[in-house]
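Notes for the one structure printed next.
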Amino acid sequence: MVAASPNPIHNEKIEAIELPIIDLSAERSQVRNLIVKACEDYGFFKVINHGVPQDIVAKLEEQSLSFFAKTMAEKQIAGPAIPLGYGCKTIGFNGDMGEVEYLLFNTNPISIAQRSKTISNEPTKFSSAVSGYIEAMKDLACEILDLIGEGLRVPDTSVFSRMIRDVENDSFFRLNHYPHHVNKDCTNNINSSCSSKVGFGAHNDPQILTLLRSNDVGGLQISPQDGLWVPAPADPTAFWVNVGDLLQAMTNGRFVSVRHRALNNSSNSKSRMSMAYFATPPLNACINALPEMVTPEKPRLYKPFTWGEYKNTLYSLRLGDTRLNLFRASTNDELAS
């Protein structure tokens, strides 16, 4: 789903901006207000003191690196990704490419256990590491979503998290590996646009919320405005959180679904690996702006739709395409509501 381009990062502005860092151990009223502001300003923030045990992260990282260290023939046994399973360079179904290999799972423990048999020589150990991490991410995502509900001062503060806790939730999980590569023409050139390739191209996440953790190799960037890219420094002890399309729709545009990408930085001798949990509602969940978010001054921006309808749409488009605009409310929709 990324528009293939040989070197799409030339002539772009890269600017270091201090991105929001939120300490989840701070006083709750302060935390919820800071999260809401970060979602409004950037749709993106980092959480620290999050309570996720380090051993849960370490076990998954060890298992993941062991898989990605296998030969290509061995890894391809776990593929192809249609969409679940192992994929390499091909992203989605519509011709998009990136310098990345990955494993994609839904979050059902039975499905993970079954798929692990094609991934690991110790499938029970691998499955346990993945499922344990996903459970921790689900808890953290729900905590953040409850804080958002409180910060927005809506009557039902669990309106977002309830969708993720639903046993029919459609959440999924992705392990991304950006293999180290060397561009011989750029060996002595420190220009970032020369030493980096696009690993996972510019896109907006379609779900409610994404939690991302990476090792100590950088590469993640967000785009708060067209033509401007801001690096998100690597921090293995923290999680980056970004707003997805569904949360933008439910807040009637008050929160922004941030555009982001991952570069594969060839100047670093160590490969980058990231773990992304996508908090997603059930397929039949109706996505609609909360009544408190709609006013005469801020009429409804998007017509109601289900996650299933939105998911079908995104599978028909390129990764970089803007999807939410296809669900814009017309004047007639607004009058009918």
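Please note that chains go A, B, ... in the order of the structure tokens, that every chain numbers its residues from 1, and that ligands are numbered from 1 in the order shown.
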Counting only C-alpha atoms, what are the residues of stretch 40-97 of chain A within 12 Å of stretch 234-252 of chain A, and for each of them which pair of atoms is the nearest and at what distance in Å, to one decimal? Sort the table by chain and rising number, as CSV.
residue,atom,partner,partner_atom,distance
A:Glu40,CA,A:Val243,CA,9.5
A:Asp41,CA,A:Val243,CA,11.0
A:Tyr42,CA,A:Asn242,CA,8.6
A:Gly43,CA,A:Val243,CA,5.0
A:Phe44,CA,A:Asn242,CA,4.4
A:Phe45,CA,A:Val241,CA,5.4
A:Lys46,CA,A:Trp240,CA,4.4
A:Val47,CA,A:Phe239,CA,5.5
A:Ile48,CA,A:Ala238,CA,5.2
A:Asn49,CA,A:Ala238,CA,7.7
A:His50,CA,A:Ala238,CA,7.6
A:Gly51,CA,A:Ala238,CA,10.0
A:Val52,CA,A:Ala238,CA,9.3
A:Pro53,CA,A:Thr237,CA,9.9
A:Gln54,CA,A:Thr237,CA,7.9
A:Asp55,CA,A:Thr237,CA,11.4
A:Ile56,CA,A:Thr237,CA,11.8
A:Val57,CA,A:Thr237,CA,9.2
A:Ala58,CA,A:Pro236,CA,10.1
A:Glu61,CA,A:Pro236,CA,10.7
Output the selection as a PDB file, in the first residue's frame - N, CA, C and O atoms for each residue.
ATOM      1  N   GLU A  40      -4.886  16.123  20.042  1.00  0.00           N
ATOM      2  CA  GLU A  40      -5.357  17.267  19.257  1.00  0.00           C
ATOM      3  C   GLU A  40      -4.231  17.899  18.444  1.00  0.00           C
ATOM      4  O   GLU A  40      -4.413  18.252  17.274  1.00  0.00           O
ATOM      5  N   ASP A  41      -3.062  18.039  19.053  1.00  0.00           N
ATOM      6  CA  ASP A  41      -1.959  18.766  18.418  1.00  0.00           C
ATOM      7  C   ASP A  41      -1.198  17.912  17.410  1.00  0.00           C
ATOM      8  O   ASP A  41      -0.805  18.405  16.344  1.00  0.00           O
ATOM      9  N   TYR A  42      -0.960  16.653  17.762  1.00  0.00           N
ATOM     10  CA  TYR A  42      -0.117  15.799  16.911  1.00  0.00           C
ATOM     11  C   TYR A  42      -0.770  14.473  16.509  1.00  0.00           C
ATOM     12  O   TYR A  42      -0.357  13.865  15.529  1.00  0.00           O
ATOM     13  N   GLY A  43      -1.737  13.995  17.308  1.00  0.00           N
ATOM     14  CA  GLY A  43      -2.232  12.645  17.103  1.00  0.00           C
ATOM     15  C   GLY A  43      -1.171  11.617  17.427  1.00  0.00           C
ATOM     16  O   GLY A  43      -1.221  10.474  16.965  1.00  0.00           O
ATOM     17  N   PHE A  44      -0.231  11.993  18.310  1.00  0.00           N
ATOM     18  CA  PHE A  44       0.964  11.173  18.517  1.00  0.00           C
ATOM     19  C   PHE A  44       1.633  11.587  19.812  1.00  0.00           C
ATOM     20  O   PHE A  44       1.764  12.775  20.104  1.00  0.00           O
ATOM     21  N   PHE A  45       2.082  10.605  20.606  1.00  0.00           N
ATOM     22  CA  PHE A  45       2.798  10.920  21.846  1.00  0.00           C
ATOM     23  C   PHE A  45       3.513   9.669  22.346  1.00  0.00           C
ATOM     24  O   PHE A  45       3.228   8.551  21.903  1.00  0.00           O
ATOM     25  N   LYS A  46       4.433   9.865  23.265  1.00  0.00           N
ATOM     26  CA  LYS A  46       5.172   8.759  23.867  1.00  0.00           C
ATOM     27  C   LYS A  46       4.722   8.592  25.305  1.00  0.00           C
ATOM     28  O   LYS A  46       4.533   9.584  26.013  1.00  0.00           O
ATOM     29  N   VAL A  47       4.549   7.342  25.740  1.00  0.00           N
ATOM     30  CA  VAL A  47       4.203   7.090  27.137  1.00  0.00           C
ATOM     31  C   VAL A  47       5.377   6.404  27.833  1.00  0.00           C
ATOM     32  O   VAL A  47       6.009   5.491  27.294  1.00  0.00           O
ATOM     33  N   ILE A  48       5.658   6.882  29.039  1.00  0.00           N
ATOM     34  CA  ILE A  48       6.694   6.294  29.892  1.00  0.00           C
ATOM     35  C   ILE A  48       6.049   5.892  31.217  1.00  0.00           C
ATOM     36  O   ILE A  48       4.914   6.281  31.509  1.00  0.00           O
ATOM     37  N   ASN A  49       6.762   5.095  32.007  1.00  0.00           N
ATOM     38  CA  ASN A  49       6.205   4.575  33.272  1.00  0.00           C
ATOM     39  C   ASN A  49       4.825   3.966  33.027  1.00  0.00           C
ATOM     40  O   ASN A  49       3.855   4.247  33.724  1.00  0.00           O
ATOM     41  N   HIS A  50       4.776   3.100  32.040  1.00  0.00           N
ATOM     42  CA  HIS A  50       3.525   2.527  31.543  1.00  0.00           C
ATOM     43  C   HIS A  50       3.133   1.243  32.251  1.00  0.00           C
ATOM     44  O   HIS A  50       2.013   0.755  32.077  1.00  0.00           O
ATOM     45  N   GLY A  51       4.041   0.668  33.013  1.00  0.00           N
ATOM     46  CA  GLY A  51       3.716  -0.525  33.780  1.00  0.00           C
ATOM     47  C   GLY A  51       3.831  -1.846  33.047  1.00  0.00           C
ATOM     48  O   GLY A  51       3.531  -2.903  33.612  1.00  0.00           O
ATOM     49  N   VAL A  52       4.263  -1.825  31.782  1.00  0.00           N
ATOM     50  CA  VAL A  52       4.437  -3.077  31.037  1.00  0.00           C
ATOM     51  C   VAL A  52       5.760  -3.714  31.465  1.00  0.00           C
ATOM     52  O   VAL A  52       6.819  -3.093  31.320  1.00  0.00           O
ATOM     53  N   PRO A  53       5.742  -4.935  31.997  1.00  0.00           N
ATOM     54  CA  PRO A  53       6.979  -5.575  32.460  1.00  0.00           C
ATOM     55  C   PRO A  53       7.994  -5.750  31.331  1.00  0.00           C
ATOM     56  O   PRO A  53       7.629  -6.172  30.224  1.00  0.00           O
ATOM     57  N   GLN A  54       9.247  -5.452  31.615  1.00  0.00           N
ATOM     58  CA  GLN A  54      10.294  -5.548  30.610  1.00  0.00           C
ATOM     59  C   GLN A  54      10.486  -6.971  30.120  1.00  0.00           C
ATOM     60  O   GLN A  54      10.825  -7.195  28.949  1.00  0.00           O
ATOM     61  N   ASP A  55      10.248  -7.957  30.975  1.00  0.00           N
ATOM     62  CA  ASP A  55      10.476  -9.342  30.547  1.00  0.00           C
ATOM     63  C   ASP A  55       9.491  -9.770  29.466  1.00  0.00           C
ATOM     64  O   ASP A  55       9.820 -10.593  28.602  1.00  0.00           O
ATOM     65  N   ILE A  56       8.295  -9.184  29.451  1.00  0.00           N
ATOM     66  CA  ILE A  56       7.316  -9.486  28.401  1.00  0.00           C
ATOM     67  C   ILE A  56       7.845  -9.009  27.050  1.00  0.00           C
ATOM     68  O   ILE A  56       7.731  -9.699  26.027  1.00  0.00           O
ATOM     69  N   VAL A  57       8.426  -7.809  27.051  1.00  0.00           N
ATOM     70  CA  VAL A  57       9.006  -7.250  25.829  1.00  0.00           C
ATOM     71  C   VAL A  57      10.230  -8.057  25.401  1.00  0.00           C
ATOM     72  O   VAL A  57      10.391  -8.403  24.229  1.00  0.00           O
ATOM     73  N   ALA A  58      11.096  -8.373  26.355  1.00  0.00           N
ATOM     74  CA  ALA A  58      12.350  -9.067  26.055  1.00  0.00           C
ATOM     75  C   ALA A  58      12.092 -10.458  25.476  1.00  0.00           C
ATOM     76  O   ALA A  58      12.778 -10.883  24.526  1.00  0.00           O
ATOM     77  N   GLU A  61      10.969 -10.029  21.871  1.00  0.00           N
ATOM     78  CA  GLU A  61      12.064  -9.566  21.024  1.00  0.00           C
ATOM     79  C   GLU A  61      13.018 -10.720  20.703  1.00  0.00           C
ATOM     80  O   GLU A  61      13.465 -10.884  19.559  1.00  0.00           O
TER      81      GLU A  61
END
Note to self: Please extract the residues of stretch 55-284 of chain A with a backbone DSSP assignment of alpha helix (DSSP H) and present them as a PyMOL selection string.
What the structure shows: chain A and resi 55-68+72-75+109-116+123-152+161-165+192-195+245-250
Next item on the list: Using only C-alpha atoms, find the one residue out of A:Trp307, A:Tyr133, A:Phe278, A:Tyr102 that sits nearest to A:Gly199.
Entry: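 Smallest separation from A:Gly199 among the options: A:Tyr102.
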What lies within 10 Å of A:Tyr310 using only C-alpha atoms, ignoring chain neighbours under 6 positions off, as an mmCIF file with C-alpha atoms, in the first residue's frame?
data_model
loop_
_atom_site.group_PDB
_atom_site.id
_atom_site.type_symbol
_atom_site.label_atom_id
_atom_site.label_comp_id
_atom_site.auth_asym_id
_atom_site.auth_seq_id
_atom_site.Cartn_x
_atom_site.Cartn_y
_atom_site.Cartn_z
ATOM 1 C CA PRO A 206 -7.100 3.021 10.020
ATOM 2 C CA GLN A 207 -7.894 1.636 13.494
ATOM 3 C CA ASP A 245 -8.763 7.079 11.546
ATOM 4 C CA LEU A 246 -11.583 5.639 13.659
ATOM 5 C CA LEU A 283 -16.309 -5.732 12.323
ATOM 6 C CA ILE A 287 -18.307 4.206 13.994
ATOM 7 C CA ARG A 323 -9.472 6.865 3.223
ATOM 8 C CA LEU A 324 -11.465 8.867 5.753
ATOM 9 C CA LEU A 326 -14.446 8.854 1.379
ATOM 10 C CA PHE A 327 -16.773 8.801 4.400
#
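Distance check against A:Val217 using only C-alpha atoms: of A:Ala329, A:Leu319, A:Val130, A:Ala232, the minimum falls on A:Ala232.
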Margin query: Please report the interatomic distance between atom CA of A:Phe255 and atom CA of A:Asn108 in Å with one decimal.
Written below: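 That distance, rounded to one decimal, is 28.9 Å.
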Next item on the list: Select, from A:Asp139, A:Glu12, A:Glu74, A:Asp226, the residue with the minimum atom-to-atom distance to A:Val258, counting only C-alpha atoms.
Entry: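 Of all the options, A:Asp226 lies closest to A:Val258.
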Item checked: 9 Å contact set for stretch 68-73 of chain A, only C-alpha atoms, chain neighbours under 3 positions out, as a ChimeraX atom specification -> /A:63-65,76-77,101-102,177,179
Check: atom CA of A:Ser257 and atom CA of A:Asp23, how far apart in Å?
Finding: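 That distance, rounded to one decimal, is 21.7 Å.
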Next item on the list: Could you give me, as a list in words, the residues within 7 Å of A:Pro109, counting only C-alpha atoms and dropping anything in the same chain fewer than 3 positions from it?
Entry: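 So the residues in contact are Ile112, Ala113 and Ser131 of chain A.
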Take the selection from the previous step and output its residues with N, CA and C atoms, as a PDB file, in the first residue's frame.
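File written: part-v6.pdb
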ATOM      1  N   ILE A 112      -2.976 -17.575  16.873  1.00  0.00           N
ATOM      2  CA  ILE A 112      -1.537 -17.352  17.068  1.00  0.00           C
ATOM      3  C   ILE A 112      -0.815 -18.681  17.302  1.00  0.00           C
ATOM      4  N   ALA A 113      -1.406 -19.543  18.126  1.00  0.00           N
ATOM      5  CA  ALA A 113      -0.802 -20.851  18.412  1.00  0.00           C
ATOM      6  C   ALA A 113      -0.672 -21.687  17.146  1.00  0.00           C
ATOM      7  N   SER A 131       1.345 -13.854  22.566  1.00  0.00           N
ATOM      8  CA  SER A 131       0.069 -13.660  23.265  1.00  0.00           C
ATOM      9  C   SER A 131       0.238 -12.853  24.548  1.00  0.00           C
TER      10      SER A 131
END
Check: Could you pull the residues within 9 Å of A:Arg174, counting only C-alpha atoms, minus those fewer than 6 positions along the same chain, as a list in words?
Finding: Tyr102, Leu103, Leu104, Phe105, Asn106, Ser274, Met275, Ala276, Tyr277 and Phe278 of chain A
Preceding selection exported with C-alpha atoms as a PDB file, in the first residue's frame:
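The result, stored in result.pdb:
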ATOM      1  CA  TYR A 102       7.153  -8.712   8.776  1.00  0.00           C
ATOM      2  CA  LEU A 103       4.841 -11.105  10.567  1.00  0.00           C
ATOM      3  CA  LEU A 104       1.173 -10.159  10.855  1.00  0.00           C
ATOM      4  CA  PHE A 105      -1.232 -11.776  13.320  1.00  0.00           C
ATOM      5  CA  ASN A 106      -4.777 -11.310  14.498  1.00  0.00           C
ATOM      6  CA  SER A 274       9.335  -2.742  15.824  1.00  0.00           C
ATOM      7  CA  MET A 275       6.229  -4.238  17.419  1.00  0.00           C
ATOM      8  CA  ALA A 276       2.889  -2.641  16.567  1.00  0.00           C
ATOM      9  CA  TYR A 277      -0.428  -3.378  18.279  1.00  0.00           C
ATOM     10  CA  PHE A 278      -3.482  -2.036  16.456  1.00  0.00           C
TER      11      PHE A 278
END
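Picture a line from atom CA of A:Leu209 to atom CA of A:Leu145; it runs 8.4 Å.
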Checklist line | Which residue of A:Ala81, A:Ala285, A:Leu140, A:Met273 approaches A:Asn169 most closely, using only C-alpha atoms | finding: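 The closest residue to A:Asn169 is A:Ala285.
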Checklist line | Nearest-residue call for A:Lys59, choices A:Gly308, A:Pro281, A:Gly132, A:Pro80, using only C-alpha atoms | finding: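 When distances to A:Lys59 are compared using only C-alpha atoms, the smallest one comes from A:Gly132.
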Item checked: Spatial neighbours of stretch 26-35 of chain A, 7 Å, only C-alpha atoms, chain gap at least 4 places, as an MDAnalysis selection string -> chainID A and resid 22 39 147:148 150:151
Dump all heavy atoms for the selected residues as a PDB file, in the first residue's frame?
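So the final result, stored in out18.pdb, reads:
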ATOM      1  N   ILE A  22       4.446  11.572  27.861  1.00  0.00           N
ATOM      2  CA  ILE A  22       3.460  11.547  28.947  1.00  0.00           C
ATOM      3  C   ILE A  22       3.805  10.440  29.932  1.00  0.00           C
ATOM      4  O   ILE A  22       3.933   9.270  29.562  1.00  0.00           O
ATOM      5  CB  ILE A  22       2.043  11.358  28.379  1.00  0.00           C
ATOM      6  CG1 ILE A  22       1.693  12.561  27.477  1.00  0.00           C
ATOM      7  CG2 ILE A  22       1.026  11.220  29.509  1.00  0.00           C
ATOM      8  CD1 ILE A  22       0.377  12.452  26.765  1.00  0.00           C
ATOM      9  N   CYS A  39      -3.256  14.409  21.447  1.00  0.00           N
ATOM     10  CA  CYS A  39      -4.082  13.868  20.366  1.00  0.00           C
ATOM     11  C   CYS A  39      -4.608  14.980  19.463  1.00  0.00           C
ATOM     12  O   CYS A  39      -4.773  14.781  18.248  1.00  0.00           O
ATOM     13  CB  CYS A  39      -5.246  13.063  20.935  1.00  0.00           C
ATOM     14  SG  CYS A  39      -4.774  11.503  21.722  1.00  0.00           S
ATOM     15  N   LEU A 147      -8.551   7.006  29.709  1.00  0.00           N
ATOM     16  CA  LEU A 147      -8.056   8.350  30.033  1.00  0.00           C
ATOM     17  C   LEU A 147      -8.536   9.368  29.007  1.00  0.00           C
ATOM     18  O   LEU A 147      -8.886  10.506  29.355  1.00  0.00           O
ATOM     19  CB  LEU A 147      -6.530   8.338  30.103  1.00  0.00           C
ATOM     20  CG  LEU A 147      -5.922   7.705  31.363  1.00  0.00           C
ATOM     21  CD1 LEU A 147      -4.455   7.332  31.135  1.00  0.00           C
ATOM     22  CD2 LEU A 147      -6.048   8.654  32.560  1.00  0.00           C
ATOM     23  N   ILE A 148      -8.590   8.960  27.751  1.00  0.00           N
ATOM     24  CA  ILE A 148      -9.108   9.845  26.707  1.00  0.00           C
ATOM     25  C   ILE A 148     -10.582  10.147  26.957  1.00  0.00           C
ATOM     26  O   ILE A 148     -11.022  11.301  26.858  1.00  0.00           O
ATOM     27  CB  ILE A 148      -8.901   9.214  25.315  1.00  0.00           C
ATOM     28  CG1 ILE A 148      -7.418   9.289  24.914  1.00  0.00           C
ATOM     29  CG2 ILE A 148      -9.769   9.908  24.254  1.00  0.00           C
ATOM     30  CD1 ILE A 148      -7.087   8.548  23.626  1.00  0.00           C
ATOM     31  N   GLU A 150     -12.141  10.153  29.772  1.00  0.00           N
ATOM     32  CA  GLU A 150     -12.212  11.075  30.911  1.00  0.00           C
ATOM     33  C   GLU A 150     -11.800  12.483  30.489  1.00  0.00           C
ATOM     34  O   GLU A 150     -12.430  13.472  30.891  1.00  0.00           O
ATOM     35  CB  GLU A 150     -11.303  10.587  32.030  1.00  0.00           C
ATOM     36  CG  GLU A 150     -11.742   9.278  32.673  1.00  0.00           C
ATOM     37  CD  GLU A 150     -10.712   8.753  33.663  1.00  0.00           C
ATOM     38  OE1 GLU A 150      -9.898   9.560  34.159  1.00  0.00           O
ATOM     39  OE2 GLU A 150     -10.715   7.526  33.946  1.00  0.00           O
ATOM     40  N   GLY A 151     -10.741  12.574  29.704  1.00  0.00           N
ATOM     41  CA  GLY A 151     -10.253  13.881  29.286  1.00  0.00           C
ATOM     42  C   GLY A 151     -11.226  14.624  28.391  1.00  0.00           C
ATOM     43  O   GLY A 151     -11.294  15.851  28.421  1.00  0.00           O
TER      44      GLY A 151
END
Item checked: Shortest interatomic distance to A:Leu263 - which of A:Ala279, A:Ala289, A:Val159, A:Val100, counting only C-alpha atoms ->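 Closest to A:Leu263, using only C-alpha atoms: A:Val100.
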Run DSSP on the backbone of this structure and report the residues of stretch 169-278 of chain A it assigns to strand (DSSP E or B), as a CSV table (one decimal) with C-alpha atoms, in the first residue's frame.
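The result, stored in part.csv:
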chain,number,residue,atom,x,y,z
A,172,PHE,CA,-4.1,-7.3,15.1
A,173,PHE,CA,-0.4,-7.3,15.8
A,174,ARG,CA,2.6,-6.8,13.5
A,175,LEU,CA,6.3,-7.5,13.9
A,176,ASN,CA,8.4,-5.4,11.5
A,177,HIS,CA,12.0,-6.1,10.8
A,178,TYR,CA,14.0,-3.6,8.7
A,196,SER,CA,18.0,6.0,4.3
A,197,LYS,CA,15.4,4.1,2.3
A,198,VAL,CA,11.7,3.9,2.9
A,199,GLY,CA,11.0,0.8,5.0
A,200,PHE,CA,7.2,1.3,5.4
A,201,GLY,CA,5.8,4.2,3.4
A,202,ALA,CA,3.7,7.2,4.5
A,203,HIS,CA,0.3,6.2,5.7
A,204,ASN,CA,-2.4,6.8,8.4
A,209,LEU,CA,-5.2,3.5,18.4
A,210,THR,CA,-1.7,2.1,17.7
A,211,LEU,CA,0.9,1.2,20.3
A,212,LEU,CA,4.4,0.9,18.9
A,213,ARG,CA,7.6,-0.2,20.5
A,214,SER,CA,11.0,-0.5,18.7
A,220,LEU,CA,10.0,6.3,12.7
A,221,GLN,CA,8.8,9.7,11.5
A,222,ILE,CA,5.5,11.6,11.7
A,223,SER,CA,4.2,14.3,9.3
A,224,PRO,CA,2.3,17.0,11.2
A,225,GLN,CA,1.9,18.9,8.0
A,228,LEU,CA,7.4,18.2,6.9
A,229,TRP,CA,8.7,15.1,8.7
A,230,VAL,CA,9.6,14.9,12.3
A,231,PRO,CA,11.7,12.0,13.7
A,239,PHE,CA,5.7,3.2,23.6
A,240,TRP,CA,4.7,5.6,20.9
A,241,VAL,CA,1.0,6.0,20.6
A,242,ASN,CA,-0.8,7.3,17.6
A,243,VAL,CA,-4.4,8.2,16.8
A,259,ARG,CA,0.5,10.4,8.9
A,260,HIS,CA,3.7,8.5,9.6
A,261,ARG,CA,6.4,6.3,8.0
A,262,ALA,CA,9.4,4.2,8.9
A,263,LEU,CA,12.8,4.6,7.2
A,264,ASN,CA,15.3,1.8,6.9
A,265,ASN,CA,18.5,3.6,7.9
A,272,ARG,CA,15.6,-2.0,13.3
A,273,MET,CA,12.7,-4.1,14.7
A,274,SER,CA,9.3,-2.7,15.8
A,275,MET,CA,6.2,-4.2,17.4
A,276,ALA,CA,2.9,-2.6,16.6
A,277,TYR,CA,-0.4,-3.4,18.3
A,278,PHE,CA,-3.5,-2.0,16.5
